[in-house]
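Chemist: So I've got this file, work_3.cif, and it contains mmCIF, C-alpha atoms:
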data_target
loop_
_atom_site.label_atom_id
_atom_site.label_comp_id
_atom_site.auth_asym_id
_atom_site.auth_seq_id
_atom_site.Cartn_x
_atom_site.Cartn_y
_atom_site.Cartn_z
CA MET V 1 -86.53 24.80 4.36
CA GLU V 2 -86.16 21.48 6.27
CA TYR V 3 -85.56 23.36 9.57
CA HIS V 4 -88.46 25.73 9.06
CA HIS V 5 -90.76 22.81 8.39
CA THR V 6 -89.68 21.00 11.58
CA SER V 7 -90.18 24.09 13.72
CA GLU V 8 -93.68 24.52 12.28
CA MET V 9 -94.50 20.96 13.30
CA ASN V 10 -92.99 21.54 16.76
CA GLY V 11 -95.36 24.45 17.27
CA VAL V 12 -98.35 22.31 16.28
CA VAL V 13 -97.23 19.46 18.55
CA ALA V 14 -96.81 21.91 21.45
CA ASP V 15 -100.42 23.08 21.00
CA TYR V 16 -101.65 19.52 21.20
CA PHE V 17 -99.60 18.89 24.36
CA SER V 18 -101.31 21.75 26.17
CA MET V 19 -104.73 20.36 25.21
CA CYS V 20 -103.58 16.97 26.50
CA ASN V 21 -103.34 18.38 30.00
CA GLU V 22 -107.12 18.13 30.25
CA SER V 23 -107.32 14.60 31.53
CA GLU V 24 -110.48 13.46 29.73
CA ARG V 25 -108.80 14.03 26.37
CA ASN V 26 -105.50 12.53 27.40
CA GLY V 27 -106.09 9.17 25.80
CA LEU V 28 -107.29 10.58 22.48
CA CYS V 29 -104.63 13.24 22.28
CA ARG V 30 -101.56 11.36 23.26
CA GLU V 31 -101.69 8.34 21.15
CA GLU V 32 -103.99 8.66 18.21
CA LYS V 33 -103.66 12.29 17.18
CA HIS V 34 -99.91 12.55 17.71
CA SER V 35 -99.17 9.46 15.70
CA GLU V 36 -101.62 10.61 12.99
CA ASP V 37 -99.80 13.94 12.77
CA ALA V 38 -96.43 12.25 12.56
CA ALA V 39 -97.66 9.98 9.77
CA ASP V 40 -99.17 12.95 7.93
CA SER V 41 -95.94 14.85 8.25
CA ASN V 42 -94.03 11.88 6.90
CA ASN V 43 -96.38 11.57 3.94
CA LEU V 44 -96.12 15.29 3.26
CA CYS V 45 -92.35 15.07 3.19
CA HIS V 46 -92.38 12.23 0.67
CA ILE V 47 -94.93 13.97 -1.54
CA GLU V 48 -92.85 17.14 -1.38
CA LYS V 49 -89.77 15.28 -2.57
CA ALA V 50 -91.75 13.67 -5.38
CA TYR V 51 -92.89 17.09 -6.60
CA SER V 52 -89.34 18.36 -6.46
CA THR V 53 -88.34 15.48 -8.73
CA ILE V 54 -91.19 16.26 -11.12
CA LEU V 55 -90.16 19.91 -11.40
CA SER V 56 -86.55 19.14 -12.22
CA GLU V 57 -87.46 16.36 -14.65
CA LEU V 58 -89.71 18.82 -16.49
CA GLY V 59 -86.60 20.92 -17.05
CA GLU V 60 -87.35 23.70 -14.57
CA ASP V 61 -84.87 25.37 -12.26
CA VAL V 62 -86.02 24.26 -8.80
CA ALA V 63 -83.75 26.83 -7.16
CA ARG V 64 -85.38 29.86 -8.73
CA GLU V 65 -87.33 32.09 -6.41
CA GLY V 66 -90.84 31.28 -7.69
CA LEU V 67 -90.32 27.53 -7.32
CA LEU V 68 -88.43 27.34 -4.03
CA ARG V 69 -91.43 26.40 -1.89
CA THR V 70 -93.55 24.97 -4.69
CA PRO V 71 -92.94 21.29 -3.79
CA LEU V 72 -94.27 21.93 -0.29
CA ARG V 73 -97.21 24.04 -1.49
CA ALA V 74 -98.12 21.50 -4.17
CA ALA V 75 -97.90 18.66 -1.65
CA LYS V 76 -100.17 20.48 0.81
CA ALA V 77 -102.55 21.37 -2.02
CA MET V 78 -102.75 17.75 -3.08
CA GLN V 79 -103.41 16.64 0.48
CA PHE V 80 -106.20 19.21 0.75
CA LEU V 81 -107.70 18.13 -2.55
CA THR V 82 -107.82 14.51 -1.32
CA LYS V 83 -108.87 15.16 2.27
CA GLY V 84 -112.15 13.40 1.63
CA TYR V 85 -110.48 10.04 2.21
CA LYS V 86 -110.32 10.81 5.91
CA GLU V 87 -113.91 11.96 6.28
CA THR V 88 -117.02 9.86 6.68
CA THR V 89 -120.71 10.59 6.30
CA GLN V 90 -121.32 9.48 9.88
CA ASP V 91 -118.98 12.18 11.20
CA ILE V 92 -120.99 14.98 9.65
CA LEU V 93 -124.51 13.66 9.62
CA ASN V 94 -125.20 12.18 13.05
CA ASP V 95 -126.47 15.30 14.74
CA ALA V 96 -128.37 16.84 11.87
CA ILE V 97 -131.13 14.36 11.08
CA PHE V 98 -134.50 15.55 12.31
CA ASP V 99 -137.92 13.97 12.57
CA GLU V 100 -140.22 16.00 10.36
CA ASN V 101 -143.60 15.21 8.90
CA HIS V 102 -142.60 16.20 5.38
CA GLU V 103 -142.77 13.96 2.35
CA GLU V 104 -142.45 16.39 -0.55
CA MET V 105 -139.34 16.74 -2.69
CA VAL V 106 -136.43 18.60 -1.16
CA ILE V 107 -133.86 19.91 -3.66
CA VAL V 108 -130.47 21.50 -3.07
CA LYS V 109 -129.09 22.51 -6.44
CA ASP V 110 -126.07 24.28 -7.94
CA ILE V 111 -123.66 22.92 -5.34
CA ASP V 112 -120.19 23.89 -6.55
CA LEU V 113 -118.07 20.80 -6.86
CA PHE V 114 -114.33 20.30 -7.40
CA SER V 115 -112.63 16.97 -7.79
CA LEU V 116 -109.55 15.35 -9.31
CA CYS V 117 -109.74 12.99 -12.26
CA GLU V 118 -108.07 9.78 -11.08
CA HIS V 119 -106.71 9.07 -14.55
CA HIS V 120 -104.71 12.26 -15.11
CA LEU V 121 -104.66 13.94 -11.68
CA VAL V 122 -106.14 17.07 -13.29
CA PRO V 123 -109.21 18.86 -11.86
CA PHE V 124 -112.78 18.49 -12.96
CA TYR V 125 -115.36 20.90 -11.63
CA GLY V 126 -119.00 21.75 -11.96
CA LYS V 127 -122.26 21.58 -10.09
CA ALA V 128 -124.15 18.91 -8.24
CA HIS V 129 -127.93 18.88 -7.87
CA ILE V 130 -129.42 16.70 -5.15
CA ALA V 131 -133.02 15.83 -4.34
CA TYR V 132 -134.64 13.44 -1.90
CA LEU V 133 -138.13 12.48 -0.82
CA PRO V 134 -138.11 12.40 2.99
CA ASN V 135 -139.56 9.45 4.83
CA LYS V 136 -140.25 11.14 8.15
CA LYS V 137 -136.60 12.19 8.43
CA VAL V 138 -135.09 15.36 7.02
CA VAL V 139 -131.43 16.37 7.05
CA GLY V 140 -129.79 19.74 7.61
CA LEU V 141 -129.52 21.19 4.11
CA SER V 142 -125.86 22.04 4.30
CA LYS V 143 -125.13 18.40 5.07
CA LEU V 144 -126.03 17.50 1.52
CA ALA V 145 -123.32 19.88 0.34
CA ARG V 146 -120.91 18.43 2.90
CA ILE V 147 -121.55 14.94 1.57
CA VAL V 148 -120.61 16.23 -1.88
CA GLU V 149 -117.40 17.58 -0.35
CA ILE V 150 -116.45 14.30 1.31
CA TYR V 151 -116.66 12.29 -1.89
CA SER V 152 -115.45 14.92 -4.33
CA ARG V 153 -112.24 15.68 -2.41
CA ARG V 154 -110.74 12.37 -3.64
CA LEU V 155 -109.32 10.92 -6.82
CA GLN V 156 -112.50 10.20 -8.69
CA VAL V 157 -114.38 9.29 -11.81
CA GLN V 158 -117.57 11.30 -12.18
CA GLU V 159 -119.78 8.21 -12.45
CA ARG V 160 -118.53 6.79 -9.17
CA LEU V 161 -118.72 10.15 -7.42
CA THR V 162 -122.39 10.54 -8.37
CA LYS V 163 -123.21 7.07 -7.12
CA GLN V 164 -121.34 7.47 -3.83
CA ILE V 165 -123.21 10.67 -3.02
CA ALA V 166 -126.56 9.07 -3.78
CA SER V 167 -125.75 5.95 -1.75
CA ALA V 168 -124.54 7.95 1.24
CA ILE V 169 -127.78 9.93 1.41
CA SER V 170 -129.85 6.82 0.86
CA GLU V 171 -128.16 4.89 3.68
CA ALA V 172 -128.27 7.79 6.14
CA LEU V 173 -131.86 8.93 5.66
CA GLU V 174 -133.63 5.89 4.22
CA PRO V 175 -135.78 8.24 2.14
CA ALA V 176 -138.44 7.32 -0.40
CA GLY V 177 -136.08 8.38 -3.17
CA VAL V 178 -132.79 10.10 -3.94
CA ALA V 179 -131.65 11.81 -7.14
CA VAL V 180 -128.18 13.16 -7.84
CA VAL V 181 -127.10 14.89 -11.05
CA ILE V 182 -123.58 16.17 -11.65
CA GLU V 183 -122.63 18.39 -14.56
CA ALA V 184 -118.90 19.02 -14.84
CA ALA V 185 -116.10 20.16 -17.10
CA HIS V 186 -113.05 17.91 -17.17
CA MET V 187 -109.81 19.82 -17.54
CA CYS V 188 -108.17 16.63 -18.80
CA MET V 189 -110.19 16.99 -22.01
CA VAL V 190 -110.31 20.79 -22.05
CA MET V 191 -106.67 21.74 -21.52
CA ARG V 192 -105.05 18.63 -23.03
CA GLY V 193 -105.98 15.58 -25.07
CA VAL V 194 -108.92 16.27 -27.36
CA GLN V 195 -109.07 19.94 -26.17
CA LYS V 196 -112.74 20.66 -26.40
CA MET V 197 -113.37 23.90 -24.53
CA ASN V 198 -117.09 23.68 -23.98
CA ALA V 199 -117.74 19.98 -23.52
CA SER V 200 -119.58 19.13 -20.35
CA THR V 201 -120.19 15.70 -18.79
CA VAL V 202 -123.50 14.90 -17.11
CA THR V 203 -124.03 11.87 -14.87
CA SER V 204 -127.05 10.97 -12.81
CA VAL V 205 -128.21 8.42 -10.27
CA MET V 206 -131.92 7.91 -9.49
CA LEU V 207 -132.94 5.78 -6.53
CA GLY V 208 -136.30 4.79 -5.13
CA ARG V 209 -139.25 6.75 -6.48
CA PHE V 210 -136.98 8.86 -8.68
CA HIS V 211 -136.08 5.60 -10.41
CA ASP V 212 -139.51 4.00 -10.43
CA ASP V 213 -141.78 6.94 -11.17
CA PRO V 214 -141.13 8.93 -14.38
CA GLU V 215 -143.35 11.80 -13.18
CA VAL V 216 -141.28 12.30 -10.04
CA ARG V 217 -138.11 12.19 -12.10
CA LYS V 218 -139.55 14.69 -14.58
CA GLU V 219 -140.48 17.08 -11.79
CA PHE V 220 -136.99 16.92 -10.35
CA LEU V 221 -135.37 17.60 -13.72
CA ALA V 222 -137.76 20.45 -14.48
CA LEU V 223 -136.98 22.14 -11.16
CA THR V 224 -133.26 21.59 -11.46
CA MET V 225 -131.84 21.64 -14.93
CA LYS V 226 -131.39 25.02 -16.58
CA LYS V 227 -132.67 25.33 -20.14
CA PHE X 228 -86.34 7.09 -37.40
CA CYS X 229 -83.77 4.42 -38.18
CA ASN X 230 -84.77 4.42 -41.88
CA LEU X 231 -84.39 8.17 -42.06
CA CYS X 232 -80.93 7.92 -40.50
CA ASN X 233 -79.63 6.10 -43.57
CA LYS X 234 -79.59 9.36 -45.44
CA ASN X 235 -76.41 11.16 -44.44
CA ILE X 236 -77.87 14.57 -44.86
CA ILE X 237 -80.25 14.22 -41.93
CA LYS X 238 -78.15 11.79 -39.93
CA THR X 239 -77.07 14.49 -37.50
CA ILE X 240 -80.63 15.63 -36.95
CA CYS X 241 -81.73 12.03 -36.45
CA LEU X 242 -79.03 11.32 -33.90
CA LYS X 243 -80.00 14.45 -32.02
CA LYS X 244 -83.66 13.41 -32.12
CA HIS X 245 -82.81 9.92 -30.85
CA SER X 246 -80.88 11.32 -27.96
CA GLU X 247 -83.62 13.89 -27.30
CA ASP X 248 -86.18 11.09 -27.34
CA ALA X 249 -84.04 9.00 -25.02
CA ALA X 250 -83.71 11.92 -22.60
CA ASP X 251 -87.45 12.59 -22.80
CA SER X 252 -88.16 8.95 -22.15
CA ASN X 253 -85.86 9.03 -19.15
CA ASN X 254 -87.55 12.13 -17.78
CA LEU X 255 -90.97 10.56 -18.31
CA CYS X 256 -89.92 7.49 -16.36
CA HIS X 257 -88.75 9.57 -13.41
CA ILE X 258 -91.89 11.70 -13.40
CA GLU X 259 -93.98 8.54 -13.57
CA LYS X 260 -92.24 7.12 -10.51
CA ALA X 261 -92.72 10.40 -8.65
CA TYR X 262 -96.46 10.31 -9.33
CA SER X 263 -96.61 6.73 -8.15
CA THR X 264 -95.05 7.85 -4.87
CA ILE X 265 -97.53 10.70 -4.56
CA LEU X 266 -100.50 8.38 -5.04
CA SER X 267 -99.38 5.93 -2.37
CA GLU X 268 -98.41 8.67 0.07
CA LEU X 269 -101.92 10.13 -0.33
CA GLY X 270 -103.21 6.80 0.93
CA GLU X 271 -104.54 5.44 -2.35
CA ASP X 272 -104.25 1.87 -3.57
CA VAL X 273 -101.92 2.18 -6.59
CA ALA X 274 -102.77 -1.36 -7.69
CA ARG X 275 -106.46 -0.77 -8.18
CA GLU X 276 -107.70 -0.82 -11.73
CA GLY X 277 -108.47 2.90 -12.11
CA LEU X 278 -105.00 3.94 -10.94
CA LEU X 279 -102.81 1.34 -12.65
CA ARG X 280 -101.72 3.56 -15.51
CA THR X 281 -102.33 6.88 -13.78
CA PRO X 282 -98.66 7.66 -13.01
CA LEU X 283 -97.84 7.35 -16.71
CA ARG X 284 -100.88 9.34 -17.83
CA ALA X 285 -100.24 12.06 -15.25
CA ALA X 286 -96.59 12.26 -16.28
CA LYS X 287 -97.49 12.60 -19.96
CA ALA X 288 -100.17 15.15 -19.09
CA MET X 289 -97.66 17.22 -17.13
CA GLN X 290 -95.18 17.06 -20.00
CA PHE X 291 -97.87 18.23 -22.40
CA LEU X 292 -98.91 21.06 -20.07
CA THR X 293 -95.30 22.29 -19.95
CA LYS X 294 -94.35 21.70 -23.59
CA GLY X 295 -93.96 25.44 -24.08
CA TYR X 296 -90.46 25.27 -22.64
CA LYS X 297 -89.29 23.57 -25.81
CA GLU X 298 -90.92 25.99 -28.22
CA THR X 299 -89.69 29.38 -29.35
CA THR X 300 -91.38 32.31 -31.04
CA GLN X 301 -88.87 32.12 -33.89
CA ASP X 302 -89.96 28.56 -34.72
CA ILE X 303 -93.53 29.58 -35.34
CA LEU X 304 -93.29 33.13 -36.59
CA ASN X 305 -90.56 33.21 -39.23
CA ASP X 306 -92.68 32.42 -42.22
CA ALA X 307 -95.81 34.30 -41.32
CA ILE X 308 -94.73 37.95 -41.19
CA PHE X 309 -95.97 39.88 -44.21
CA ASP X 310 -95.32 43.35 -45.54
CA GLU X 311 -98.64 45.15 -45.54
CA ASN X 312 -99.48 48.81 -45.69
CA HIS X 313 -101.75 48.72 -42.68
CA GLU X 314 -101.38 50.80 -39.54
CA GLU X 315 -104.76 50.45 -37.83
CA MET X 316 -105.32 48.40 -34.72
CA VAL X 317 -105.48 44.62 -35.17
CA ILE X 318 -107.16 42.73 -32.34
CA VAL X 319 -107.41 38.99 -31.72
CA LYS X 320 -109.55 38.49 -28.64
CA ASP X 321 -111.05 35.69 -26.54
CA ILE X 322 -108.07 33.40 -27.06
CA ASP X 323 -108.66 30.44 -24.72
CA LEU X 324 -105.70 30.07 -22.44
CA PHE X 325 -104.64 27.30 -20.04
CA SER X 326 -101.61 27.42 -17.81
CA LEU X 327 -100.25 25.99 -14.56
CA CYS X 328 -99.72 28.12 -11.47
CA GLU X 329 -96.06 27.67 -10.58
CA HIS X 330 -96.79 27.97 -6.88
CA HIS X 331 -99.28 25.12 -6.51
CA LEU X 332 -99.03 23.25 -9.83
CA VAL X 333 -102.80 23.68 -10.25
CA PRO X 334 -104.36 25.05 -13.49
CA PHE X 335 -105.41 28.59 -14.18
CA TYR X 336 -107.42 29.30 -17.29
CA GLY X 337 -109.15 32.13 -19.05
CA LYS X 338 -108.89 34.33 -22.09
CA ALA X 339 -106.21 36.46 -23.63
CA HIS X 340 -106.90 39.55 -25.73
CA ILE X 341 -104.12 40.82 -27.94
CA ALA X 342 -103.85 43.97 -30.04
CA TYR X 343 -101.06 45.56 -32.02
CA LEU X 344 -100.54 48.57 -34.27
CA PRO X 345 -98.62 47.31 -37.33
CA ASN X 346 -95.61 49.21 -38.56
CA LYS X 347 -95.59 47.97 -42.16
CA LYS X 348 -95.48 44.36 -40.96
CA VAL X 349 -98.48 42.20 -40.12
CA VAL X 350 -98.44 38.69 -38.72
CA GLY X 351 -100.63 35.67 -39.49
CA LEU X 352 -103.47 35.96 -36.99
CA SER X 353 -103.23 32.45 -35.66
CA LYS X 354 -99.60 33.13 -34.74
CA LEU X 355 -100.75 35.45 -31.99
CA ALA X 356 -102.70 32.54 -30.50
CA ARG X 357 -99.67 30.27 -30.98
CA ILE X 358 -97.51 32.73 -29.05
CA VAL X 359 -100.04 32.52 -26.22
CA GLU X 360 -99.69 28.73 -26.35
CA ILE X 361 -95.89 28.79 -26.17
CA TYR X 362 -95.79 30.86 -23.01
CA SER X 363 -98.90 29.52 -21.30
CA ARG X 364 -97.83 25.86 -21.56
CA ARG X 365 -95.29 26.40 -18.79
CA LEU X 366 -95.25 26.85 -15.02
CA GLN X 367 -96.32 30.45 -14.79
CA VAL X 368 -97.48 33.45 -12.86
CA GLN X 369 -100.10 35.40 -14.76
CA GLU X 370 -98.16 38.68 -14.58
CA ARG X 371 -95.09 37.17 -16.18
CA LEU X 372 -97.12 35.32 -18.81
CA THR X 373 -98.79 38.56 -19.92
CA LYS X 374 -95.46 40.32 -20.20
CA GLN X 375 -93.77 37.50 -22.10
CA ILE X 376 -96.52 37.44 -24.72
CA ALA X 377 -96.33 41.22 -25.17
CA SER X 378 -92.54 41.19 -25.41
CA ALA X 379 -92.49 38.34 -27.92
CA ILE X 380 -94.86 40.17 -30.26
CA SER X 381 -92.98 43.42 -29.80
CA GLU X 382 -89.60 41.89 -30.65
CA ALA X 383 -90.88 39.95 -33.64
CA LEU X 384 -92.94 42.65 -35.35
CA GLU X 385 -91.50 45.91 -34.04
CA PRO X 386 -94.98 47.40 -34.15
CA ALA X 387 -96.06 50.87 -33.06
CA GLY X 388 -97.72 49.35 -30.04
CA VAL X 389 -98.76 46.08 -28.37
CA ALA X 390 -101.47 45.44 -25.79
CA VAL X 391 -102.12 42.17 -24.00
CA VAL X 392 -104.87 41.57 -21.44
CA ILE X 393 -105.40 38.26 -19.68
CA GLU X 394 -108.44 37.47 -17.58
CA ALA X 395 -108.22 34.15 -15.76
CA ALA X 396 -109.60 32.03 -12.96
CA HIS X 397 -107.01 30.44 -10.70
CA MET X 398 -108.02 27.00 -9.46
CA CYS X 399 -105.55 27.38 -6.61
CA MET X 400 -107.87 30.00 -5.09
CA VAL X 401 -111.13 28.50 -6.35
CA MET X 402 -110.81 24.84 -5.34
CA ARG X 403 -108.52 25.29 -2.33
CA GLY X 404 -107.14 28.05 -0.11
CA VAL X 405 -109.53 30.99 0.09
CA GLN X 406 -112.09 29.13 -2.14
CA LYS X 407 -113.68 32.03 -3.96
CA MET X 408 -115.69 30.56 -6.84
CA ASN X 409 -116.12 33.62 -8.99
CA ALA X 410 -112.93 35.59 -8.46
CA SER X 411 -111.12 36.47 -11.65
CA THR X 412 -107.62 37.94 -12.09
CA VAL X 413 -106.94 40.52 -14.79
CA THR X 414 -103.43 41.51 -15.87
CA SER X 415 -102.39 43.76 -18.70
CA VAL X 416 -99.30 44.99 -20.48
CA MET X 417 -99.39 48.07 -22.72
CA LEU X 418 -96.41 48.89 -24.92
CA GLY X 419 -95.68 51.70 -27.35
CA ARG X 420 -98.71 53.78 -28.31
CA PHE X 421 -101.00 51.69 -26.13
CA HIS X 422 -98.88 52.87 -23.22
CA ASP X 423 -98.35 56.47 -24.32
CA ASP X 424 -101.73 57.36 -25.77
CA PRO X 425 -104.79 57.04 -23.52
CA GLU X 426 -107.16 57.29 -26.51
CA VAL X 427 -105.57 54.32 -28.22
CA ARG X 428 -105.73 52.35 -24.98
CA LYS X 429 -109.37 53.32 -24.48
CA GLU X 430 -110.28 52.18 -27.98
CA PHE X 431 -108.61 48.81 -27.41
CA LEU X 432 -110.42 48.26 -24.14
CA ALA X 433 -113.76 49.32 -25.60
CA LEU X 434 -113.40 46.85 -28.48
CA THR X 435 -112.19 44.05 -26.28
CA MET X 436 -113.57 43.97 -22.77
CA LYS X 437 -117.10 42.70 -22.33
CA LYS X 438 -119.38 44.83 -20.16
#
As structure tokens - that is how I would like this structure written.

Modeler:
Amino acid sequence: MEYHHTSEMNGVVADYFSMCNESERNGLCREEKHSEDAADSNNLCHIEKAYSTILSELGEDVAREGLLRTPLRAAKAMQFLTKGYKETTQDILNDAIFDENHEEMVIVKDIDLFSLCEHHLVPFYGKAHIAYLPNKKVVGLSKLARIVEIYSRRLQVQERLTKQIASAISEALEPAGVAVVIEAAHMCMVMRGVQKMNASTVTSVMLGRFHDDPEVRKEFLALTMKK
Amino acid sequence: FCNLCNKNIIKTICLKKHSEDAADSNNLCHIEKAYSTILSELGEDVAREGLLRTPLRAAKAMQFLTKGYKETTQDILNDAIFDENHEEMVIVKDIDLFSLCEHHLVPFYGKAHIAYLPNKKVVGLSKLARIVEIYSRRLQVQERLTKQIASAISEALEPAGVAVVIEAAHMCMVMRGVQKMNASTVTSVMLGRFHDDPEVRKEFLALTMKK
């Protein structure tokens, strides 16, 4: 398994070397990306070993067929589920802000959301609803969903997640108002602990006119929340 | 525990429990350290307030989610099998089920529907749900889980037939990988008359599966 893993990495490194032959990308490729990949690979290896320990300490047979590659898969899964740490709003937003003479409410609702509870490392999932009141600047609609992705693919608490999404939109667009509502089920209280199957947690952040004007807030909630 | 140990009669059980507890505690400590490693290797700050006790909580959570390894059907069934002159289908459906995918260590969850045709012996209804708990609180693949539940009921009750259907969502394909939000996996095991007689099977499915 060790050998196979190394040869996979060698293949990836070889691909980067051929891109490095284009001189304008030489600087970026050689130093930064290669050392990032090496660090990632190192992290992955340590996480893999940790999962192997967990499996055997739980009493499982780590040599049985179904579990042979589980430490590696679980490590990669965990890295994917926390990839948001390496992403920033600036990366995804810079090109997709447009001048537009529109000041009415824009809502993107029912954005599927998956995150990890930072207390138990167990998933919570649900939907995010986002609205903003443009102030001469509108954003590509999918970017709102991408902002949700950046902050949700981390170890989170739902309250903080809601606030980070709202703040990111507010800083990027400087709109007249931002509203974010998240409704989610927390597996840490569904599949363990108090074990309530149907409990749902709702958090919201209202900024600008959504905060100051109850009518605006009411309109947003009427258009967004299912009865 | 120490007070109980003074009685000779249960001394042996106590000593075993102490050493079981000590082993459990040892395991927990190792799992906790492993989670601490995982958090720092993911780039998080393990000293920040929200994460301080996370390795311990995650370790305990994982032990709870795999507690089925320490439970057996015999433990829960022995007292609740009753002689009853009933041979018609008994169904317990929509049993909430939570398990861990053994490939990615990520939850899968859904519902189990169980039916059996008694052969002079009926079982306490909640025991069917408890059997689901025993086998689902382990690292699993859904196919094997379905089969283990069916086999356990079959061996315990020797009924004329057993049917188990599980319908579940796998977070490993919803929140990562192929990322299909609404995909659902259905597995079934049919034993005895549920296997041999299409009419019996049809009746079970009609009474159980939502349209």

Chemist: Applying 12 Å and all atoms listed in the file, which residues near Met436 of chain X remain after dropping the ones on its own chain fewer than 3 positions away? List them as a CSV table (one decimal) with C-alpha atoms, keeping the file's coordinate frame.

Modeler:
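Just written: selection_32.csv:
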chain,number,residue,atom,x,y,z
X,318,ILE,CA,-107.2,42.7,-32.3
X,319,VAL,CA,-107.4,39.0,-31.7
X,320,LYS,CA,-109.6,38.5,-28.6
X,321,ASP,CA,-111.0,35.7,-26.5
X,338,LYS,CA,-108.9,34.3,-22.1
X,339,ALA,CA,-106.2,36.5,-23.6
X,340,HIS,CA,-106.9,39.6,-25.7
X,341,ILE,CA,-104.1,40.8,-27.9
X,391,VAL,CA,-102.1,42.2,-24.0
X,392,VAL,CA,-104.9,41.6,-21.4
X,393,ILE,CA,-105.4,38.3,-19.7
X,394,GLU,CA,-108.4,37.5,-17.6
X,413,VAL,CA,-106.9,40.5,-14.8
X,415,SER,CA,-102.4,43.8,-18.7
X,428,ARG,CA,-105.7,52.4,-25.0
X,429,LYS,CA,-109.4,53.3,-24.5
X,430,GLU,CA,-110.3,52.2,-28.0
X,431,PHE,CA,-108.6,48.8,-27.4
X,432,LEU,CA,-110.4,48.3,-24.1
X,433,ALA,CA,-113.8,49.3,-25.6

Chemist: Measuring atom to atom with all atoms listed in the file, identify which of X:Glu268, X:Leu255, X:Asp310, X:Thr300 is nearest to Arg284 of chain X.

Modeler: X:Leu255

Chemist: Considering only C-alpha atoms, can you say which of X:Cys256, X:Met398, X:Ala261, X:Leu355 comes closest to chain V?

Modeler: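 Of X:Cys256, X:Met398, X:Ala261, X:Leu355, the one nearest chain V is X:Ala261, counting only C-alpha atoms.
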
Chemist: What are the nearest atom pairs, with distances in Å to one decimal, for all residues of chain X that come at most 8 Å from chain V, using only C-alpha atoms, set out by chain and rising residue number as a tab-separated table?

Modeler:
residue	atom	partner	partner_atom	distance
X:Asn254	CA	V:Glu57	CA	5.3
X:Leu255	CA	V:Glu57	CA	7.7
X:His257	CA	V:Glu57	CA	7.0
X:Ile258	CA	V:Ile54	CA	5.1
X:Ala261	CA	V:Ala50	CA	4.7
X:Tyr262	CA	V:Ala50	CA	7.0
X:Thr264	CA	V:Ala50	CA	6.7
X:Ile265	CA	V:Ile47	CA	5.2
X:Glu268	CA	V:Asn43	CA	5.2
X:Leu269	CA	V:Gln79	CA	6.7
X:Gly277	CA	V:His119	CA	6.9
X:Leu278	CA	V:His119	CA	6.5
X:Arg280	CA	V:His119	CA	7.5
X:Thr281	CA	V:His119	CA	5.0
X:Pro282	CA	V:His120	CA	7.9
X:Arg284	CA	V:His120	CA	5.5
X:Ala285	CA	V:His120	CA	4.5
X:Ala288	CA	V:His120	CA	6.7
X:Gln290	CA	V:Leu58	CA	6.7
X:Phe291	CA	V:Arg192	CA	7.2
X:Leu292	CA	V:Arg192	CA	7.2
X:Thr293	CA	V:Leu58	CA	7.4
X:Phe325	CA	V:Met191	CA	6.1
X:Glu329	CA	V:Leu67	CA	6.6
X:His330	CA	V:Thr70	CA	4.9
X:His331	CA	V:Ala74	CA	4.5
X:Leu332	CA	V:Ala74	CA	6.0
X:Val333	CA	V:Ala74	CA	8.0
X:Met402	CA	V:Phe114	CA	6.1
X:Arg403	CA	V:Ala77	CA	7.1

Chemist: Just give me the gap between atom CA of Met225 of chain V and atom CA of Gln406 of chain X in Å, one decimal is fine.

Modeler: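 Computing the Euclidean distance for atom CA of Met225 of chain V and atom CA of Gln406 of chain X yields 24.7 Å.
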
Chemist: Of the candidates X:Asp251, X:Leu344, X:Ile376, X:Thr435, which one gets nearest to His422 of chain X if we count only C-alpha atoms?

Modeler: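 That would be X:Leu344, the residue with the smallest distance to His422 of chain X.
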
Chemist: Neighbouring residues of Ile147 of chain V were defined as those with any atom within 9 Å, considering all atoms listed in the file; residues of the same chain fewer than 5 positions away were excluded. Please report them as a ChimeraX atom specification.

Modeler: /V:88-89,92-93,142,152,165,168-169

Chemist: Here's a test: counting only C-alpha atoms, identify every protein, DNA and RNA residue with an atom at most 12 Å from (-131.9, 4.4, 0.0) in the file's coordinate frame, and state them as a list in words.

Modeler: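 Residues with an atom close enough to that point: Tyr132, Leu133, Pro134, Asn135, Lys163, Gln164, Ile165, Ala166, Ser167, Ala168, Ile169, Ser170, Glu171, Ala172, Leu173, Glu174, Pro175, Ala176, Gly177, Val178, Ala179, Val205, Met206, Leu207, Gly208, Arg209, Phe210 and His211 of chain V.
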
Chemist: My structure is short of atoms at segment 275-279 of chain X; please model N, CA and C atoms there, returning them as an mmCIF file, keeping the file's coordinate frame.

Modeler:
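Output file result-v3.cif follows:
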data_model
loop_
_atom_site.group_PDB
_atom_site.id
_atom_site.type_symbol
_atom_site.label_atom_id
_atom_site.label_comp_id
_atom_site.auth_asym_id
_atom_site.auth_seq_id
_atom_site.Cartn_x
_atom_site.Cartn_y
_atom_site.Cartn_z
ATOM 1 N N ARG X 275 -105.080 -0.600 -7.729
ATOM 2 C CA ARG X 275 -106.460 -0.770 -8.180
ATOM 3 C C ARG X 275 -106.595 -0.351 -9.637
ATOM 4 N N GLU X 276 -107.590 -0.921 -10.285
ATOM 5 C CA GLU X 276 -107.700 -0.820 -11.730
ATOM 6 C C GLU X 276 -107.627 0.624 -12.238
ATOM 7 N N GLY X 277 -108.382 1.523 -11.619
ATOM 8 C CA GLY X 277 -108.470 2.900 -12.110
ATOM 9 C C GLY X 277 -107.156 3.659 -12.021
ATOM 10 N N LEU X 278 -106.249 3.200 -11.148
ATOM 11 C CA LEU X 278 -105.000 3.940 -10.940
ATOM 12 C C LEU X 278 -103.784 3.287 -11.565
ATOM 13 N N LEU X 279 -103.960 2.098 -12.157
ATOM 14 C CA LEU X 279 -102.810 1.340 -12.650
ATOM 15 C C LEU X 279 -101.918 2.155 -13.574
#
